[in-house]
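*Asks:* This is my_file_37.txt, which holds compact mmCIF, C-alpha atoms:
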# COMPACT_ATOMS: atom_id res chain seq x y z
CA MET O 104 0.00 0.00 0.00
CA PRO O 105 2.68 2.60 0.88
CA GLU O 106 4.48 1.69 -2.37
CA GLU O 107 1.27 2.22 -4.33
CA ILE O 108 0.71 5.62 -2.71
CA SER O 109 4.31 6.56 -3.41
CA HIS O 110 3.89 5.54 -7.05
CA VAL O 111 0.72 7.62 -7.36
CA LYS O 112 2.48 10.65 -5.88
CA GLU O 113 5.42 10.26 -8.25
CA LYS O 114 3.06 9.93 -11.21
CA LEU O 115 1.10 12.99 -10.08
CA PHE O 116 4.31 15.02 -9.72
CA GLU O 117 5.47 13.86 -13.14
CA ASN O 118 2.18 14.92 -14.74
CA ILE O 119 2.23 18.31 -13.02
CA PHE O 120 5.84 18.83 -14.05
CA ASN O 121 5.35 17.80 -17.68
CA TYR O 122 2.02 19.46 -18.39
CA ALA O 123 2.24 22.66 -16.35
CA LYS O 124 1.41 25.70 -18.44
CA GLY O 125 4.40 27.60 -17.07
CA GLY O 126 7.98 26.53 -17.54
CA ILE O 127 9.50 24.35 -14.85
CA ALA O 128 13.14 23.30 -14.78
CA ILE O 129 15.49 21.49 -12.44
CA VAL O 130 19.01 22.90 -12.55
CA SER O 131 22.26 21.66 -11.03
CA PRO O 132 24.41 23.78 -8.67
CA LYS O 133 26.66 24.44 -11.69
CA GLY O 134 23.79 25.77 -13.76
CA LYS O 135 23.28 22.70 -15.96
CA TRP O 136 19.73 21.91 -17.02
CA LEU O 137 18.82 18.52 -15.49
CA LYS O 138 15.14 18.32 -16.34
CA VAL O 139 12.75 20.65 -18.19
CA ASN O 140 9.10 20.43 -19.13
CA ALA O 141 7.43 21.03 -22.51
CA SER O 142 6.78 24.71 -21.70
CA ILE O 143 10.54 25.35 -21.43
CA VAL O 144 11.04 23.71 -24.82
CA ASP O 145 8.31 25.92 -26.33
CA LEU O 146 9.70 29.02 -24.64
CA LEU O 147 13.33 28.61 -25.75
CA GLY O 148 12.94 26.71 -29.02
CA TYR O 149 15.57 24.07 -28.24
CA SER O 150 14.88 20.35 -27.99
CA LYS O 151 15.25 18.77 -24.55
CA ASN O 152 18.51 17.12 -25.59
CA GLU O 153 19.90 20.47 -26.76
CA ILE O 154 18.89 22.11 -23.48
CA TYR O 155 20.43 19.31 -21.43
CA SER O 156 23.76 19.89 -23.19
CA MET O 157 23.87 23.53 -22.00
CA THR O 158 23.85 25.59 -18.82
CA PHE O 159 21.42 28.41 -18.18
CA GLN O 160 24.40 30.76 -18.39
CA ASP O 161 24.88 29.78 -22.06
CA ILE O 162 21.56 31.30 -23.16
CA THR O 163 21.16 34.13 -20.63
CA HIS O 164 21.66 37.64 -21.99
CA ARG O 165 25.01 38.88 -20.76
CA ASP O 166 23.52 42.11 -19.38
CA ASP O 167 21.34 40.04 -17.02
CA LEU O 168 23.83 37.30 -16.19
CA GLU O 169 25.73 39.12 -13.44
CA SER O 170 22.67 39.83 -11.29
CA ASP O 171 21.32 36.33 -11.88
CA MET O 172 24.62 34.73 -10.84
CA GLU O 173 24.81 36.97 -7.77
CA TYR O 174 21.51 35.58 -6.49
CA PHE O 175 22.47 32.06 -7.58
CA ASN O 176 25.70 32.24 -5.57
CA GLN O 177 23.86 33.61 -2.54
CA ILE O 178 21.74 30.47 -2.53
CA LEU O 179 24.83 28.29 -2.86
CA SER O 180 26.42 30.05 0.11
CA GLY O 181 23.26 29.68 2.20
CA GLU O 182 22.51 33.42 2.43
CA ILE O 183 19.07 33.01 0.84
CA ASP O 184 16.78 30.09 -0.04
CA SER O 185 15.03 31.57 -3.09
CA TYR O 186 14.88 34.58 -5.38
CA GLN O 187 12.84 36.16 -8.17
CA ILE O 188 14.24 37.98 -11.17
CA GLN O 189 13.28 39.15 -14.63
CA LYS O 190 15.85 38.34 -17.28
CA ARG O 191 16.39 37.74 -20.97
CA PHE O 192 17.10 34.42 -22.66
CA PHE O 193 18.22 33.88 -26.23
CA HIS O 194 15.73 31.76 -28.17
CA LYS O 195 17.19 29.20 -30.55
CA ASN O 196 16.21 31.45 -33.50
CA GLY O 197 18.21 34.33 -31.98
CA ALA O 198 15.25 36.32 -30.68
CA ILE O 199 15.24 37.65 -27.13
CA VAL O 200 12.74 36.07 -24.72
CA TRP O 201 11.88 37.75 -21.43
CA GLY O 202 11.17 35.48 -18.46
CA HIS O 203 10.01 36.04 -14.91
CA ILE O 204 12.06 33.53 -12.88
CA ASN O 205 11.27 32.06 -9.46
CA VAL O 206 14.19 30.01 -8.15
CA SER O 207 14.23 27.88 -5.01
CA VAL O 208 16.70 25.31 -3.72
CA PHE O 209 16.36 21.67 -2.65
CA LYS O 210 18.98 20.65 -0.10
CA ASP O 211 20.24 17.22 0.93
CA GLU O 212 20.31 15.76 4.46
CA VAL O 213 23.37 17.81 5.48
CA GLY O 214 21.97 21.08 4.12
CA GLU O 215 24.00 21.22 0.91
CA PRO O 216 22.23 22.46 -2.26
CA ARG O 217 21.36 19.43 -4.37
CA TYR O 218 19.46 21.10 -7.20
CA PHE O 219 17.45 24.22 -8.00
CA ILE O 220 13.82 24.39 -9.05
CA SER O 221 13.11 27.21 -11.49
CA GLN O 222 9.67 28.37 -12.54
CA ILE O 223 9.80 30.49 -15.70
CA THR O 224 6.91 32.61 -16.98
CA ASP O 225 7.08 34.13 -20.46
CA ILE O 226 6.65 37.93 -20.11
CA THR O 227 8.00 38.88 -23.54
CA ALA O 228 4.70 40.29 -24.77
CA GLN O 229 4.31 42.46 -21.65
CA LYS O 230 7.89 43.74 -21.94
CA GLU O 231 7.49 44.60 -25.63
CA ALA O 232 4.17 46.31 -24.93
CA ALA O 233 5.77 48.34 -22.14
CA LEU O 234 8.69 49.31 -24.38
CA HIS O 235 6.29 50.32 -27.15
CA HIS O 236 4.28 52.35 -24.64
CA ASN O 237 7.38 54.08 -23.28
CA LEU O 238 8.59 54.97 -26.77
CA LEU O 239 5.22 56.47 -27.64
CA MET O 240 5.18 58.36 -24.35
CA ASP O 241 8.61 59.81 -25.18
CA ILE O 242 7.25 60.99 -28.53
CA ILE O 243 4.15 62.46 -26.93
CA GLN O 244 6.25 64.29 -24.35
CA ASP O 245 8.46 65.73 -27.08
CA LYS O 246 5.39 66.85 -29.03
CA ASN O 247 3.88 68.35 -25.89
CA LYS O 248 7.12 70.23 -25.31
CA THR O 249 6.98 71.60 -28.86
CA LEU O 250 3.38 72.71 -28.38
CA ASN O 251 4.20 74.23 -25.01
CA ASP O 252 7.15 76.13 -26.45
CA PHE O 253 4.91 77.40 -29.25
CA ALA O 254 2.28 78.50 -26.70
CA HIS O 255 4.96 80.26 -24.65
CA ILE O 256 6.31 82.12 -27.69
CA ALA O 257 2.83 82.97 -28.95
CA THR O 258 1.62 84.36 -25.61
CA HIS O 259 4.86 86.28 -25.16
CA ASP O 260 4.58 87.94 -28.58
CA ILE O 261 0.86 88.63 -28.24
CA ARG O 262 1.44 90.09 -24.77
CA THR O 263 3.94 92.52 -26.32
CA HIS O 264 1.39 93.66 -28.90
CA VAL O 265 -1.38 93.96 -26.28
CA GLY O 266 0.94 96.01 -24.07
CA ASN O 267 1.54 98.28 -27.03
CA LEU O 268 -2.22 98.65 -27.59
CA ASP O 269 -2.69 99.48 -23.91
CA SER O 270 -0.04 102.20 -24.16
CA ILE O 271 -1.69 103.65 -27.25
CA THR O 272 -5.03 103.61 -25.42
CA GLY O 273 -3.43 105.66 -22.65
CA PHE O 274 -2.05 108.15 -25.19
CA ILE O 275 -5.51 108.54 -26.73
CA GLU O 276 -7.04 109.23 -23.28
CA GLU O 277 -4.49 112.00 -22.70
CA ASP O 278 -4.48 113.57 -26.17
CA CYS O 279 -8.06 113.09 -27.34
CA LYS O 280 -10.18 113.73 -24.25
CA PRO O 281 -13.42 114.39 -26.21
CA ILE O 282 -13.62 110.73 -27.29
CA VAL O 283 -12.78 109.21 -23.89
CA ALA O 284 -16.47 108.97 -23.00
CA HIS O 285 -17.48 107.72 -26.46
CA GLU O 286 -19.09 104.28 -26.42
CA SER O 287 -16.79 102.87 -29.11
CA PHE O 288 -13.69 103.95 -27.21
CA LEU O 289 -15.03 102.46 -23.99
CA MET O 290 -15.67 99.18 -25.85
CA TRP O 291 -12.12 99.33 -27.26
CA LYS O 292 -10.63 99.93 -23.81
CA GLU O 293 -12.64 97.05 -22.32
CA SER O 294 -11.57 94.73 -25.15
CA VAL O 295 -7.88 95.48 -24.53
CA LYS O 296 -8.41 94.80 -20.82
CA ASN O 297 -10.19 91.51 -21.58
CA LEU O 298 -7.39 90.45 -23.91
CA GLN O 299 -4.83 91.10 -21.17
CA GLU O 300 -6.86 88.99 -18.77
CA THR O 301 -7.18 86.19 -21.33
CA LEU O 302 -3.41 86.10 -21.78
CA SER O 303 -2.98 85.96 -18.03
CA HIS O 304 -5.41 83.03 -17.85
CA LEU O 305 -3.53 81.23 -20.62
CA ASP O 306 -0.36 81.49 -18.56
CA ASP O 307 -2.20 80.08 -15.55
CA ILE O 308 -3.62 77.05 -17.37
CA ARG O 309 -0.37 76.13 -19.13
CA THR O 310 0.26 73.37 -16.61
CA VAL O 311 2.85 71.72 -18.79
CA GLN O 312 5.78 74.11 -18.51
CA SER O 313 8.70 74.13 -20.87
CA SER O 314 10.52 71.03 -19.75
CA GLN O 315 14.21 71.06 -19.16
CA LYS O 316 16.25 69.33 -21.79
CA LYS O 317 17.23 65.82 -20.89
CA ASP O 318 20.88 65.61 -20.07
CA LEU O 319 22.85 64.53 -23.10
CA LYS O 320 26.00 62.56 -22.34
CA ALA O 321 29.13 61.86 -24.34
CA LEU O 322 28.65 58.22 -25.36
CA PRO O 323 31.19 55.95 -27.12
CA LEU O 324 29.44 55.15 -30.39
CA HIS O 325 31.56 52.13 -31.33
CA ASP O 326 30.66 50.41 -28.03
CA TYR O 327 26.95 51.08 -28.41
CA ILE O 328 27.00 49.64 -31.92
CA ASN O 329 28.80 46.54 -30.67
CA HIS O 330 26.14 46.18 -27.98
CA ALA O 331 23.35 46.42 -30.57
CA ILE O 332 25.11 43.90 -32.82
CA TYR O 333 25.28 41.50 -29.87
CA ASN O 334 21.56 41.87 -29.27
CA VAL O 335 20.74 40.85 -32.86
CA ALA O 336 23.57 38.32 -33.18
CA GLY O 337 21.30 35.29 -32.97
CA ILE O 338 18.86 36.54 -35.58
CA ALA O 339 21.72 37.73 -37.81
CA ARG O 340 23.38 34.33 -37.59
CA LYS O 341 20.14 32.55 -38.49
CA GLN O 342 19.64 34.86 -41.48
CA ASP O 343 23.34 34.59 -42.51
CA VAL O 344 23.74 38.35 -42.17
CA VAL O 345 27.26 39.76 -41.87
CA ILE O 346 27.46 42.97 -39.82
CA SER O 347 30.61 45.14 -39.84
CA ASN O 348 31.30 47.86 -37.29
CA ASN O 349 33.80 50.24 -38.91
CA VAL O 350 32.99 53.21 -36.68
CA ASP O 351 35.92 55.20 -35.28
CA THR O 352 36.65 53.70 -31.84
CA SER O 353 37.43 57.14 -30.40
CA LEU O 354 34.18 58.73 -31.61
CA LYS O 355 31.75 59.98 -28.97
CA VAL O 356 28.35 61.52 -29.64
CA ARG O 357 26.06 63.56 -27.44
CA ALA O 358 22.96 61.48 -26.84
CA ILE O 359 20.70 59.74 -24.36
CA ALA O 360 21.80 56.16 -23.81
CA ALA O 361 18.35 54.58 -24.18
CA TYR O 362 17.68 56.56 -27.35
CA LEU O 363 21.03 55.67 -28.91
CA ASP O 364 20.41 51.97 -28.18
CA SER O 365 16.96 52.15 -29.74
CA ILE O 366 18.16 54.05 -32.82
CA ILE O 367 20.94 51.61 -33.71
CA LEU O 368 18.91 48.52 -32.86
CA ASN O 369 16.00 49.62 -35.04
CA PHE O 370 18.20 50.20 -38.09
CA LEU O 371 19.94 46.84 -37.65
CA SER O 372 16.64 45.02 -37.18
CA ASN O 373 15.17 46.64 -40.29
CA ALA O 374 18.24 45.84 -42.38
CA ILE O 375 18.00 42.19 -41.35
CA LYS O 376 14.24 42.08 -41.82
CA TYR O 377 14.39 43.51 -45.35
CA LYS O 378 17.40 41.56 -46.62
CA SER O 379 17.51 40.40 -50.20
CA GLN O 380 17.07 36.74 -51.02
CA ASP O 381 19.33 37.14 -54.07
CA ARG O 382 22.65 37.74 -52.31
CA LEU O 383 24.57 37.29 -49.09
CA PRO O 384 23.15 39.99 -46.77
CA LYS O 385 25.64 42.53 -45.45
CA ILE O 386 25.33 45.51 -43.14
CA GLU O 387 28.20 47.98 -42.93
CA ILE O 388 28.29 50.69 -40.28
CA SER O 389 30.83 53.48 -40.71
CA SER O 390 31.38 57.01 -39.43
CA ARG O 391 32.43 60.39 -40.78
CA TYR O 392 32.35 64.01 -39.69
CA GLU O 393 30.62 67.13 -40.99
CA ASP O 394 30.80 70.44 -39.14
CA SER O 395 29.57 69.77 -35.58
CA TYR O 396 28.02 66.45 -36.52
CA ALA O 397 29.27 62.89 -36.28
CA ILE O 398 27.55 60.94 -39.04
CA ILE O 399 26.75 57.23 -38.81
CA ASP O 400 26.21 55.55 -42.17
CA ILE O 401 24.25 52.29 -41.88
CA LYS O 402 24.40 50.64 -45.28
CA ASP O 403 22.82 47.35 -46.38
CA ASN O 404 22.43 45.45 -49.64
CA GLY O 405 18.80 44.53 -49.01
CA ILE O 406 15.64 44.95 -51.07
CA GLY O 407 15.83 48.76 -51.03
CA ILE O 408 13.07 51.38 -50.98
CA ASP O 409 11.40 53.13 -53.90
CA LEU O 410 12.00 56.69 -52.66
CA ASP O 411 10.17 58.23 -55.62
CA LYS O 412 7.05 56.41 -54.51
CA HIS O 413 7.49 56.29 -50.72
CA GLY O 414 10.08 58.94 -49.86
CA HIS O 415 7.53 61.52 -48.71
CA GLN O 416 6.03 59.15 -46.14
CA LEU O 417 9.13 57.23 -45.12
CA PHE O 418 9.14 58.44 -41.52
CA THR O 419 5.41 58.87 -41.00
CA LEU O 420 3.36 56.86 -38.51
CA ASN O 421 1.94 53.54 -39.77
CA ALA O 422 3.55 53.87 -43.21
CA THR O 423 4.73 50.52 -44.65
CA PHE O 424 6.64 49.86 -47.86
CA SER O 425 6.66 46.10 -48.18
CA ASP O 426 4.42 43.12 -47.62
CA HIS O 427 6.67 41.75 -44.85
CA GLU O 428 4.49 40.23 -42.11
CA ASP O 429 6.27 42.21 -39.36
CA SER O 430 5.92 45.61 -41.03
CA ARG O 431 4.00 47.90 -38.70
CA GLY O 432 5.11 51.32 -39.90
CA ILE O 433 6.22 52.65 -36.52
CA GLY O 434 9.93 51.86 -36.20
CA LEU O 435 11.27 54.61 -38.47
CA PHE O 436 8.73 57.08 -37.07
CA ILE O 437 9.93 56.49 -33.51
CA THR O 438 13.59 56.44 -34.56
CA LYS O 439 13.34 59.78 -36.36
CA ASN O 440 11.71 61.34 -33.30
CA HIS O 441 14.49 60.03 -31.07
CA ILE O 442 17.17 61.39 -33.40
CA GLU O 443 15.58 64.83 -33.62
CA SER O 444 14.92 65.00 -29.87
CA ILE O 445 18.68 64.80 -29.19
CA GLY O 446 19.52 67.46 -31.78
CA GLY O 447 20.21 65.20 -34.75
CA LYS O 448 18.76 64.57 -38.18
CA ILE O 449 18.49 61.72 -40.64
CA GLU O 450 18.97 61.27 -44.38
CA VAL O 451 18.42 58.25 -46.59
CA GLU O 452 19.63 56.99 -49.95
CA SER O 453 18.10 53.88 -51.43
CA GLU O 454 17.69 52.05 -54.70
CA LEU O 455 15.09 49.37 -55.18
CA GLY O 456 16.71 45.97 -55.49
CA LYS O 457 20.17 47.20 -54.45
CA GLY O 458 20.00 48.40 -50.85
CA THR O 459 19.65 51.34 -48.49
CA CYS O 460 21.94 53.69 -46.58
CA PHE O 461 20.61 55.64 -43.61
CA SER O 462 22.83 58.52 -42.51
CA VAL O 463 22.25 59.56 -38.91
CA TYR O 464 23.62 62.97 -37.89
CA LEU O 465 24.34 63.27 -34.16
CA LYS O 466 26.12 65.99 -32.26
CA ASN O 467 29.83 65.29 -31.97
CA ALA O 468 30.86 65.23 -28.31
CA GLU O 469 34.38 66.48 -28.99
Could you show the structure in this file as structure tokens?
*Replies:*
Amino acid sequence: MPEEISHVKEKLFENIFNYAKGGIAIVSPKGKWLKVNASIVDLLGYSKNEIYSMTFQDITHRDDLESDMEYFNQILSGEIDSYQIQKRFFHKNGAIVWGHINVSVFKDEVGEPRYFISQITDITAQKEAALHHNLLMDIIQDKNKTLNDFAHIATHDIRTHVGNLDSITGFIEEDCKPIVAHESFLMWKESVKNLQETLSHLDDIRTVQSSQKKDLKALPLHDYINHAIYNVAGIARKQDVVISNNVDTSLKVRAIAAYLDSIILNFLSNAIKYKSQDRLPKIEISSRYEDSYAIIDIKDNGIGIDLDKHGHQLFTLNATFSDHEDSRGIGLFITKNHIESIGGKIEVESELGKGTCFSVYLKNAE
């Protein structure tokens, strides 16, 4: 009877482990995958045998590995018994998968860690939605700033003219006393007063004041490009895309780190997405200088863009120029806004069937 109960419990655990909707994995103290369920296979794209030949460190994004290992080592040393973390994995196809990880430890009779139990929930969709939301919020804030600046300039200029009208009204009262009591003059004087009050009210209700410029920092461009190349390395490898970073290693540009990451990553992703099927895809990134600008040329030999047909709407919201399933018409719109918000500009040269070169002008930090 006890053996039968034990068998039932083992079978129940096996079923829960194998068919759980969330990912469950058992990991060794050295990080090696010992056992994973079907959800882990679906999440990461590898077969079970492929996963068992690796450690979790092998497919963890390097920017998240240090914090993950810090917690992992704290469990090994007995400081903590469990931890939660959000981190990125590399899918077999090269894409980045975000996971919410719950890790706990199973210890042997003498209290030594025997293995780790990891529960992994796929939060990629939520992360991408949040990123998309944040990018749109950045654009909205920039547009609000532009509108606020316009309102400030407009009210300032109108206030000057109204002040002038008020002065003229005073001159008329002194020099033309017979008309001071005239109904038309009284209406004029009241209108000038009302206009002054309206301008004062406009100042009061402008709750969004001219925001201070975000601090631009001198950022090493070559390093940021290398970081972006690393982030698309898996997808590039799958698509047989060769990416060359020929940017001057000493070049620094004035930018916001998150914006610079987004700008480079978007151009690389687009170049890979719209590669030509007729030739080995290549992306070459180089740099040059013009006046106060450092110019990044991002050149590919992909399908190209018909600028005569689409040039006027290239950077507009929801504009698409191909039948690619992932075309949403927002990437270039967001990228252009980021570039302009840090004082830059963008130019493009493209020939259908031959490729495209985007030239990004950013302020030189030197």
*Asks:* May I ask for the distance between atom CA of O:Ser156 and atom CA of O:Asp225, given in Å to one decimal place?
*Replies:*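 These atoms are spaced 22.1 Å apart.
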*Asks:* In Å, rounded to a single decimal, give me how far atom CA of O:Asn404 is from atom CA of O:Gly447.
*Replies:*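 Those two atoms sit 24.8 Å apart.
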*Asks:* Find the distance between atom CA of O:Thr224 and atom CA of O:Ala360 and write it in Å to one decimal.
*Replies:*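 Atom CA of O:Ala360 lies at a distance of 28.7 Å from atom CA of O:Thr224.
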*Asks:* So which one's closest to O:Phe370, O:Asp241, O:Glu387, O:Asp326, O:Asp211? Using all atoms listed in the file, please.
*Replies:*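 Closest to O:Phe370, using all atoms listed in the file: O:Glu387.
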*Asks:* Considering all atoms listed in the file, can you say which of O:Ser221, O:Gln160, O:Asn196, O:Gln416 comes closest to O:Lys138?
*Replies:*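 Among O:Ser221, O:Gln160, O:Asn196, O:Gln416, it is O:Ser221 that comes nearest to O:Lys138.
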*Asks:* Please identify all polymer residues within 7 Å of O:Ile449, counting only C-alpha atoms, omitting same-chain residues fewer than 2 positions from it, and present them as a ChimeraX atom specification.
*Replies:* /O:439,451,462-464
*Asks:* Can you work out which one of O:Ser131, O:Asn140, O:Ser207, O:Gln244 has the shortest atom-to-atom distance to O:Asp184, counting all atoms listed in the file?
*Replies:*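 Of all the options, O:Ser207 lies closest to O:Asp184.
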*Asks:* Show which residues sit within 10 Å of O:Gly134, as an MDAnalysis selection string. Count all atoms listed in the file, and ignore same-chain residues fewer than 5 positions away.
*Replies:* chainID O and resid 129 157:161 172 175 218:219
*Asks:* At a cut-off of 10 Å, using only C-alpha atoms, what residues contact O:Ala468? Leave out same-chain residues fewer than 3 positions from it and give the result as a list of chain:residue names.
*Replies:*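 My reading of the contact set: O:Leu319, O:Lys320, O:Ala321, O:Leu322, O:Pro323, O:Leu354, O:Lys355, O:Val356, O:Arg357, O:Ala358, O:Ser395, O:Tyr396, O:Ala397, O:Leu465.
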*Asks:* Taking into account only C-alpha atoms, which residue in the set O:Asn467, O:Ser365, O:Ser180, O:Thr249 is nearest to O:Ile398?
*Replies:*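 Selected residue with least distance to O:Ile398: O:Asn467.
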